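Working notes, structure below.
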Amino acid sequence: GFGYYDGSRVGGDDFARWAPPAKNKNAMSMQVFFNSLFGANYLNGICWWSDPDVVMVRSPLTMEEARTIVTTIALSGQTYMISDFMAKLPNERLELYKKTMPAMPVHAVDLFPFRTQPVCCPRPTSLPKALDMKINTVTGIYDVVAVYNWADRPAIKTVSFARDFGLNPGTYLVYDFWNEKLLGAFTDSLTVDVPIHGVRACVIRPLTSIPQVLATSRHISAARSIRKIQWDDASMSLTGTSNTVADVAYELFLYVPDGEKLAKVDANTEVLYHIQNGHFAKVALQGQSKPVEWKVVFSK
């Protein structure tokens, strides 16, 4: 890719099936994609933008496998290319692309190849239990992590905030992105059930005493659409500006502290609805071609 863009393929060809058939272990599959992505991630954003080959979400890949694939490419920040028949994809699979493209401009932090030699077409001896994308933008300082289950059966997975993600001691809110669910507040670790070949994509934010945006429907990072955001103590209001897609609903997922409730929402577009269930609230706005300005007011 040199002379056109600073990037390079880092592995072989993949194919729209999770694993190679038993009779041909060398056949193309998405395992080639994962081997390339994790085995050469240490190069990404430093030597070039790594290209682990194309992303696919079509059948016979399951929805859980498809979520694992798009989550991984989005959080790794590597070259995001598609090899699907886009006009033929069911809407639920097309949404996977809409919520993860583009990949964020992430630079690798772990500079050691993942259990493989630093060679072309790496073949790691195993795949990681988690992937961590650290974010520091106007939307805050937080982590978006993928917790994996590579096994052929459902599994319960536990990750340590300090050991696995390098987080300081404290209490953290955990939001399940794909299931649109606030899992709760946790201190030392997180335990989740992960389906076969699946992933739990979790937004991990420090617990605060004021309302905060956990995520948006626009992008898995929650950082792609929000241009500015601010909390005002006097008016108990959270205001922001977001880039949205015209005529497409744009959702904000919010944490509401003890003793507070979502009172009203104002915006320079139609407010489709707002709901609250305990500490979790959702606000839906009509997308516009111009930036959407919104204000969420809380009360005691």
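Identifiers in the structure tokens: chain A, B, ... in order shown; residue index from 1 per chain; ligand index from 1 in order shown.
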
Selection: 8 Å around stretch 227-244 of chain A, only C-alpha atoms, excl. self and same-chain fewer than 3 positions, as a PyMOL selection string: chain A and resi 138-139+211-212+218+248+250+287-299

Just the selected residues (N, CA and C atoms), exported as an mmCIF file, in the first residue's frame, please.
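Wrote it out as result38.cif, contents follow:
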```cif
data_model
loop_
_atom_site.group_PDB
_atom_site.id
_atom_site.type_symbol
_atom_site.label_atom_id
_atom_site.label_comp_id
_atom_site.auth_asym_id
_atom_site.auth_seq_id
_atom_site.Cartn_x
_atom_site.Cartn_y
_atom_site.Cartn_z
ATOM 1 N N VAL A 138 -13.294 14.341 24.262
ATOM 2 C CA VAL A 138 -14.292 15.188 24.908
ATOM 3 C C VAL A 138 -15.353 14.355 25.623
ATOM 4 N N THR A 139 -15.488 13.089 25.240
ATOM 5 C CA THR A 139 -16.475 12.223 25.886
ATOM 6 C C THR A 139 -15.968 11.626 27.187
ATOM 7 N N PRO A 211 -24.809 12.698 36.573
ATOM 8 C CA PRO A 211 -25.191 11.921 35.389
ATOM 9 C C PRO A 211 -24.102 11.970 34.329
ATOM 10 N N GLN A 212 -24.016 10.922 33.538
ATOM 11 C CA GLN A 212 -23.030 10.892 32.465
ATOM 12 C C GLN A 212 -23.531 10.036 31.310
ATOM 13 N N ARG A 218 -24.501 5.503 17.856
ATOM 14 C CA ARG A 218 -23.808 5.813 16.607
ATOM 15 C C ARG A 218 -22.542 4.997 16.393
ATOM 16 N N VAL A 248 -32.191 9.222 10.796
ATOM 17 C CA VAL A 248 -31.915 7.989 11.535
ATOM 18 C C VAL A 248 -31.910 8.318 13.030
ATOM 19 N N TYR A 250 -31.032 8.672 16.739
ATOM 20 C CA TYR A 250 -29.750 8.750 17.446
ATOM 21 C C TYR A 250 -30.040 8.621 18.930
ATOM 22 N N GLY A 287 -32.187 12.077 13.869
ATOM 23 C CA GLY A 287 -30.928 12.499 13.275
ATOM 24 C C GLY A 287 -31.121 13.597 12.237
ATOM 25 N N GLN A 288 -30.097 14.435 12.109
ATOM 26 C CA GLN A 288 -30.127 15.553 11.163
ATOM 27 C C GLN A 288 -28.833 15.579 10.361
ATOM 28 N N SER A 289 -28.863 16.264 9.224
ATOM 29 C CA SER A 289 -27.648 16.427 8.429
ATOM 30 C C SER A 289 -26.708 17.441 9.069
ATOM 31 N N LYS A 290 -27.240 18.319 9.905
ATOM 32 C CA LYS A 290 -26.416 19.272 10.644
ATOM 33 C C LYS A 290 -26.253 18.783 12.076
ATOM 34 N N PRO A 291 -25.295 19.317 12.828
ATOM 35 C CA PRO A 291 -25.099 18.861 14.207
ATOM 36 C C PRO A 291 -26.365 19.044 15.056
ATOM 37 N N VAL A 292 -26.625 18.066 15.901
ATOM 38 C CA VAL A 292 -27.767 18.111 16.804
ATOM 39 C C VAL A 292 -27.304 18.595 18.173
ATOM 40 N N GLU A 293 -27.965 19.636 18.666
ATOM 41 C CA GLU A 293 -27.681 20.156 19.998
ATOM 42 C C GLU A 293 -28.763 19.665 20.955
ATOM 43 N N TRP A 294 -28.351 19.084 22.054
ATOM 44 C CA TRP A 294 -29.309 18.494 22.976
ATOM 45 C C TRP A 294 -29.010 18.901 24.424
ATOM 46 N N LYS A 295 -30.053 18.844 25.252
ATOM 47 C CA LYS A 295 -29.935 19.185 26.669
ATOM 48 C C LYS A 295 -30.831 18.238 27.458
ATOM 49 N N VAL A 296 -30.227 17.521 28.384
ATOM 50 C CA VAL A 296 -30.962 16.593 29.229
ATOM 51 C C VAL A 296 -30.975 17.169 30.649
ATOM 52 N N VAL A 297 -32.184 17.417 31.150
ATOM 53 C CA VAL A 297 -32.354 18.041 32.458
ATOM 54 C C VAL A 297 -32.771 16.982 33.480
ATOM 55 N N PHE A 298 -32.155 17.028 34.658
ATOM 56 C CA PHE A 298 -32.447 16.092 35.730
ATOM 57 C C PHE A 298 -33.044 16.839 36.927
ATOM 58 N N SER A 299 -33.667 16.099 37.807
ATOM 59 C CA SER A 299 -34.253 16.684 39.012
ATOM 60 C C SER A 299 -34.099 15.705 40.158
#
```

So which residues touch A:Tyr172 within 8 Å, counting only C-alpha atoms, skipping near sequence neighbours fewer than 2 positions away, as a PDB file with C-alpha atoms, in the first residue's frame?
```
ATOM      1  CA  GLY A 170     -12.039   2.487  42.248  1.00  0.00           C
ATOM      2  CA  VAL A 174     -19.993  -1.173  33.037  1.00  0.00           C
ATOM      3  CA  ALA A 185     -21.112  -0.707  39.237  1.00  0.00           C
ATOM      4  CA  PHE A 186     -18.075  -2.910  39.943  1.00  0.00           C
ATOM      5  CA  THR A 187     -14.858  -2.446  41.920  1.00  0.00           C
ATOM      6  CA  ILE A 204     -16.067   0.908  31.418  1.00  0.00           C
ATOM      7  CA  ARG A 205     -16.309   4.382  32.964  1.00  0.00           C
ATOM      8  CA  PRO A 206     -15.390   5.657  36.440  1.00  0.00           C
ATOM      9  CA  LEU A 207     -18.447   6.009  38.677  1.00  0.00           C
TER      10      LEU A 207
END
```

Taking a cut-off of 12 Å and counting only C-alpha atoms, can you build a table that, for each residue of stretch 43-100 of chain A near stretch 8-26 of chain A, reports the nearest atom pair and how far apart they are in Å (one decimal), sorted by chain then residue number, as a tab-separated table?
```
residue	atom	partner	partner_atom	distance
A:Leu43	CA	A:Val10	CA	9.3
A:Asn44	CA	A:Ser8	CA	9.7
A:Gly45	CA	A:Ser8	CA	11.4
A:Cys47	CA	A:Ser8	CA	9.4
A:Trp48	CA	A:Ser8	CA	6.9
A:Trp49	CA	A:Ser8	CA	6.7
A:Ser50	CA	A:Ser8	CA	5.6
A:Asp51	CA	A:Arg9	CA	4.5
A:Pro52	CA	A:Val10	CA	5.6
A:Asp53	CA	A:Asp13	CA	6.4
A:Val54	CA	A:Asp14	CA	7.1
A:Val55	CA	A:Ala16	CA	8.5
A:Met56	CA	A:Ala16	CA	5.9
A:Val57	CA	A:Ala16	CA	7.3
A:Arg58	CA	A:Ala16	CA	6.9
A:Ser59	CA	A:Ala16	CA	7.5
A:Pro60	CA	A:Arg17	CA	6.3
A:Leu61	CA	A:Arg17	CA	5.6
A:Thr62	CA	A:Trp18	CA	8.6
A:Met63	CA	A:Trp18	CA	11.3
A:Glu64	CA	A:Trp18	CA	10.7
A:Glu65	CA	A:Trp18	CA	7.2
A:Ala66	CA	A:Trp18	CA	9.2
A:Thr68	CA	A:Trp18	CA	10.5
A:Ile69	CA	A:Trp18	CA	9.7
A:Gln78	CA	A:Ser8	CA	10.3
A:Thr79	CA	A:Ser8	CA	9.0
A:Tyr80	CA	A:Arg9	CA	11.6
A:Met81	CA	A:Arg9	CA	11.4
A:Ile82	CA	A:Ala16	CA	11.2
A:Ser83	CA	A:Ala16	CA	8.9
A:Asp84	CA	A:Ala16	CA	8.9
A:Phe85	CA	A:Ala16	CA	11.6
```

Would you mind listing what lies within 10 Å of A:Phe38 as a PyMOL selection string, with only C-alpha atoms counted and same-chain residues fewer than 4 positions away left out? chain A and resi 33-34+42+52+72+76+113-116+122-124+126-128+131

Can those selected residues be exported to a file as a compact mmCIF listing (two decimals), in the first residue's frame so that it contains N, CA, C and O atoms?
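Listing of result_31.txt after writing:
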```txt
# COMPACT_ATOMS: atom_id res chain seq x y z
N PHE A 33 -8.03 -14.32 9.92
CA PHE A 33 -8.24 -12.91 10.27
C PHE A 33 -7.78 -12.63 11.70
O PHE A 33 -7.02 -11.68 11.95
N PHE A 34 -8.22 -13.45 12.66
CA PHE A 34 -7.85 -13.22 14.06
C PHE A 34 -6.36 -13.45 14.29
O PHE A 34 -5.73 -12.70 15.05
N TYR A 42 0.97 -5.29 17.17
CA TYR A 42 2.06 -4.45 17.70
C TYR A 42 2.62 -3.48 16.65
O TYR A 42 3.29 -2.51 16.98
N PRO A 52 -5.49 -6.85 8.51
CA PRO A 52 -5.57 -8.29 8.77
C PRO A 52 -6.45 -9.04 7.77
O PRO A 52 -6.78 -10.20 8.01
N THR A 72 -13.87 -6.59 17.17
CA THR A 72 -12.42 -6.71 17.24
C THR A 72 -11.73 -5.75 16.29
O THR A 72 -10.76 -5.08 16.67
N SER A 76 -9.45 -2.55 17.65
CA SER A 76 -8.00 -2.65 17.38
C SER A 76 -7.49 -1.46 16.58
O SER A 76 -6.30 -1.17 16.57
N PRO A 113 4.47 -9.09 20.12
CA PRO A 113 3.52 -9.93 19.38
C PRO A 113 2.78 -10.87 20.33
O PRO A 113 3.36 -11.35 21.30
N PHE A 114 1.51 -11.11 20.06
CA PHE A 114 0.72 -11.93 20.96
C PHE A 114 1.03 -13.41 20.77
O PHE A 114 0.49 -14.07 19.91
N ARG A 115 1.96 -13.91 21.58
CA ARG A 115 2.30 -15.33 21.60
C ARG A 115 2.62 -15.88 20.20
O ARG A 115 2.15 -16.93 19.80
N THR A 116 3.42 -15.14 19.48
CA THR A 116 3.84 -15.58 18.15
C THR A 116 5.15 -14.89 17.81
O THR A 116 5.50 -13.86 18.38
N PRO A 122 1.36 -14.42 10.87
CA PRO A 122 1.56 -14.98 12.21
C PRO A 122 0.49 -16.01 12.55
O PRO A 122 -0.63 -15.96 12.05
N ARG A 123 0.85 -16.94 13.42
CA ARG A 123 -0.08 -17.97 13.88
C ARG A 123 0.06 -18.07 15.41
O ARG A 123 0.80 -18.93 15.91
N PRO A 124 -0.64 -17.21 16.16
CA PRO A 124 -0.54 -17.27 17.62
C PRO A 124 -0.94 -18.63 18.15
O PRO A 124 -1.80 -19.31 17.58
N SER A 126 -2.49 -19.06 20.89
CA SER A 126 -3.82 -18.89 21.48
C SER A 126 -4.26 -17.45 21.22
O SER A 126 -3.46 -16.61 20.80
N LEU A 127 -5.52 -17.18 21.47
CA LEU A 127 -6.05 -15.84 21.26
C LEU A 127 -6.37 -15.21 22.61
O LEU A 127 -6.67 -15.90 23.58
N PRO A 128 -6.32 -13.89 22.73
CA PRO A 128 -6.46 -13.23 24.04
C PRO A 128 -7.87 -13.33 24.61
O PRO A 128 -8.84 -13.49 23.88
N LEU A 131 -9.65 -7.53 24.75
CA LEU A 131 -8.99 -6.46 24.00
C LEU A 131 -9.48 -5.15 24.59
O LEU A 131 -10.67 -4.98 24.85
```

Extract the full set of strand (DSSP E) residues from stretch 82-189 of chain A according to DSSP on the backbone, and format it as a PyMOL selection string. chain A and resi 130-137+140-148+155-160+172-176+181-186+189

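With only C-alpha atoms as the atoms that count, the minimum distance from A:Tyr142 to the choices A:Ser36, A:Asn41, A:Thr71, A:Asn168 is reached by A:Asn168.
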
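Of note, atom CA of A:Met133 and atom CA of A:Gly7 are spaced 20.3 Å apart.
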
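Taking atom CA of A:Tyr148 as the reference point, atom CA of A:Ala130 is found at 5.8 Å.
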
Find the residues around A:Leu96 up to 7 Å (only C-alpha atoms counted), leave out those fewer than 4 positions away in its own chain, and share them as a ChimeraX atom specification. /A:67,70,92,100

Filtering to N, CA, C and O atoms, could you give me those residues as a JSON list (two decimals), in the first residue's frame?
```json
[["chain", "number", "residue", "atom", "x", "y", "z"],
["A", 67, "ARG", "N", -20.62, -10.34, 15.55],
["A", 67, "ARG", "CA", -20.35, -9.29, 16.53],
["A", 67, "ARG", "C", -18.88, -9.35, 16.99],
["A", 67, "ARG", "O", -18.24, -8.32, 17.18],
["A", 70, "VAL", "N", -16.65, -7.74, 14.08],
["A", 70, "VAL", "CA", -16.69, -6.28, 13.91],
["A", 70, "VAL", "C", -16.20, -5.56, 15.17],
["A", 70, "VAL", "O", -15.57, -4.50, 15.08],
["A", 92, "GLU", "N", -30.18, -6.48, 10.46],
["A", 92, "GLU", "CA", -29.50, -6.68, 11.74],
["A", 92, "GLU", "C", -28.00, -6.86, 11.56],
["A", 92, "GLU", "O", -27.21, -6.48, 12.42],
["A", 100, "THR", "N", -19.91, 0.18, 14.04],
["A", 100, "THR", "CA", -18.47, -0.03, 14.30],
["A", 100, "THR", "C", -17.56, 0.67, 13.29],
["A", 100, "THR", "O", -16.34, 0.71, 13.51]]
```

Could you pull the residues within 8 Å of A:Val213, counting only C-alpha atoms, minus those fewer than 6 positions along the same chain, as JSON, numbers by chain? {"A": [139, 252, 253, 254, 255]}

For the residues selected in the previous step, produce a file with all heavy atoms as an mmCIF file, in the first residue's frame.
```
data_model
loop_
_atom_site.group_PDB
_atom_site.id
_atom_site.type_symbol
_atom_site.label_atom_id
_atom_site.label_comp_id
_atom_site.auth_asym_id
_atom_site.auth_seq_id
_atom_site.Cartn_x
_atom_site.Cartn_y
_atom_site.Cartn_z
ATOM 1 N N THR A 139 -15.488 13.089 25.240
ATOM 2 C CA THR A 139 -16.475 12.223 25.886
ATOM 3 C C THR A 139 -15.968 11.626 27.187
ATOM 4 O O THR A 139 -16.711 10.908 27.857
ATOM 5 C CB THR A 139 -16.895 11.085 24.936
ATOM 6 O OG1 THR A 139 -15.721 10.412 24.456
ATOM 7 C CG2 THR A 139 -17.663 11.626 23.751
ATOM 8 N N LEU A 252 -28.868 8.256 23.021
ATOM 9 C CA LEU A 252 -27.913 8.478 24.097
ATOM 10 C C LEU A 252 -28.277 7.540 25.240
ATOM 11 O O LEU A 252 -29.448 7.457 25.634
ATOM 12 C CB LEU A 252 -27.975 9.927 24.594
ATOM 13 C CG LEU A 252 -27.610 11.025 23.606
ATOM 14 C CD1 LEU A 252 -28.064 12.382 24.151
ATOM 15 C CD2 LEU A 252 -26.104 11.046 23.352
ATOM 16 N N PHE A 253 -27.297 6.825 25.778
ATOM 17 C CA PHE A 253 -27.512 5.927 26.902
ATOM 18 C C PHE A 253 -26.843 6.540 28.128
ATOM 19 O O PHE A 253 -25.640 6.816 28.112
ATOM 20 C CB PHE A 253 -26.942 4.548 26.586
ATOM 21 C CG PHE A 253 -27.493 3.960 25.308
ATOM 22 C CD1 PHE A 253 -26.714 3.931 24.158
ATOM 23 C CD2 PHE A 253 -28.784 3.478 25.245
ATOM 24 C CE1 PHE A 253 -27.211 3.404 22.978
ATOM 25 C CE2 PHE A 253 -29.293 2.948 24.078
ATOM 26 C CZ PHE A 253 -28.508 2.916 22.940
ATOM 27 N N LEU A 254 -27.628 6.777 29.173
ATOM 28 C CA LEU A 254 -27.190 7.604 30.289
ATOM 29 C C LEU A 254 -27.194 6.849 31.612
ATOM 30 O O LEU A 254 -28.025 5.966 31.836
ATOM 31 C CB LEU A 254 -28.101 8.826 30.426
ATOM 32 C CG LEU A 254 -28.353 9.655 29.165
ATOM 33 C CD1 LEU A 254 -29.449 10.671 29.422
ATOM 34 C CD2 LEU A 254 -27.070 10.352 28.734
ATOM 35 N N TYR A 255 -26.261 7.248 32.487
ATOM 36 C CA TYR A 255 -26.268 6.807 33.871
ATOM 37 C C TYR A 255 -26.899 7.900 34.717
ATOM 38 O O TYR A 255 -26.543 9.082 34.609
ATOM 39 C CB TYR A 255 -24.853 6.521 34.365
ATOM 40 C CG TYR A 255 -24.771 6.374 35.870
ATOM 41 C CD1 TYR A 255 -25.258 5.233 36.505
ATOM 42 C CD2 TYR A 255 -24.238 7.388 36.659
ATOM 43 C CE1 TYR A 255 -25.209 5.097 37.886
ATOM 44 C CE2 TYR A 255 -24.173 7.266 38.042
ATOM 45 C CZ TYR A 255 -24.659 6.123 38.638
ATOM 46 O OH TYR A 255 -24.619 5.992 40.005
#
```

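On the backbone of this structure, DSSP gives alpha helix (DSSP H) within stretch 109-255 of chain A to Phe161, Ala162, Arg163, Asp164 and Phe165 of chain A.
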
Same residues, C-alpha atoms, output as a PDB file, in the first residue's frame:
```pdb
ATOM      1  CA  PHE A 161      -9.774  -4.090  36.061  1.00  0.00           C
ATOM      2  CA  ALA A 162      -6.219  -3.627  37.364  1.00  0.00           C
ATOM      3  CA  ARG A 163      -4.430  -6.671  35.962  1.00  0.00           C
ATOM      4  CA  ASP A 164      -6.123  -6.906  32.559  1.00  0.00           C
ATOM      5  CA  PHE A 165      -6.837  -3.240  31.796  1.00  0.00           C
TER       6      PHE A 165
END
```

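The shortest atom-to-atom distance to A:Ala151, with only C-alpha atoms taken into account, belongs to A:Val199 out of A:Val199, A:Pro105, A:Ile135, A:Asp176.
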
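Checking A:Lys157, A:His219, A:Lys264, A:Arg224 one by one against A:Thr191, counting only C-alpha atoms, you find the shortest gap at A:Lys157.
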
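You can rank A:Thr216, A:Ser225, A:Ser209, A:Asn136 by their closest distance to A:His279 using only C-alpha atoms, and at the top of that list sits A:Ser209.
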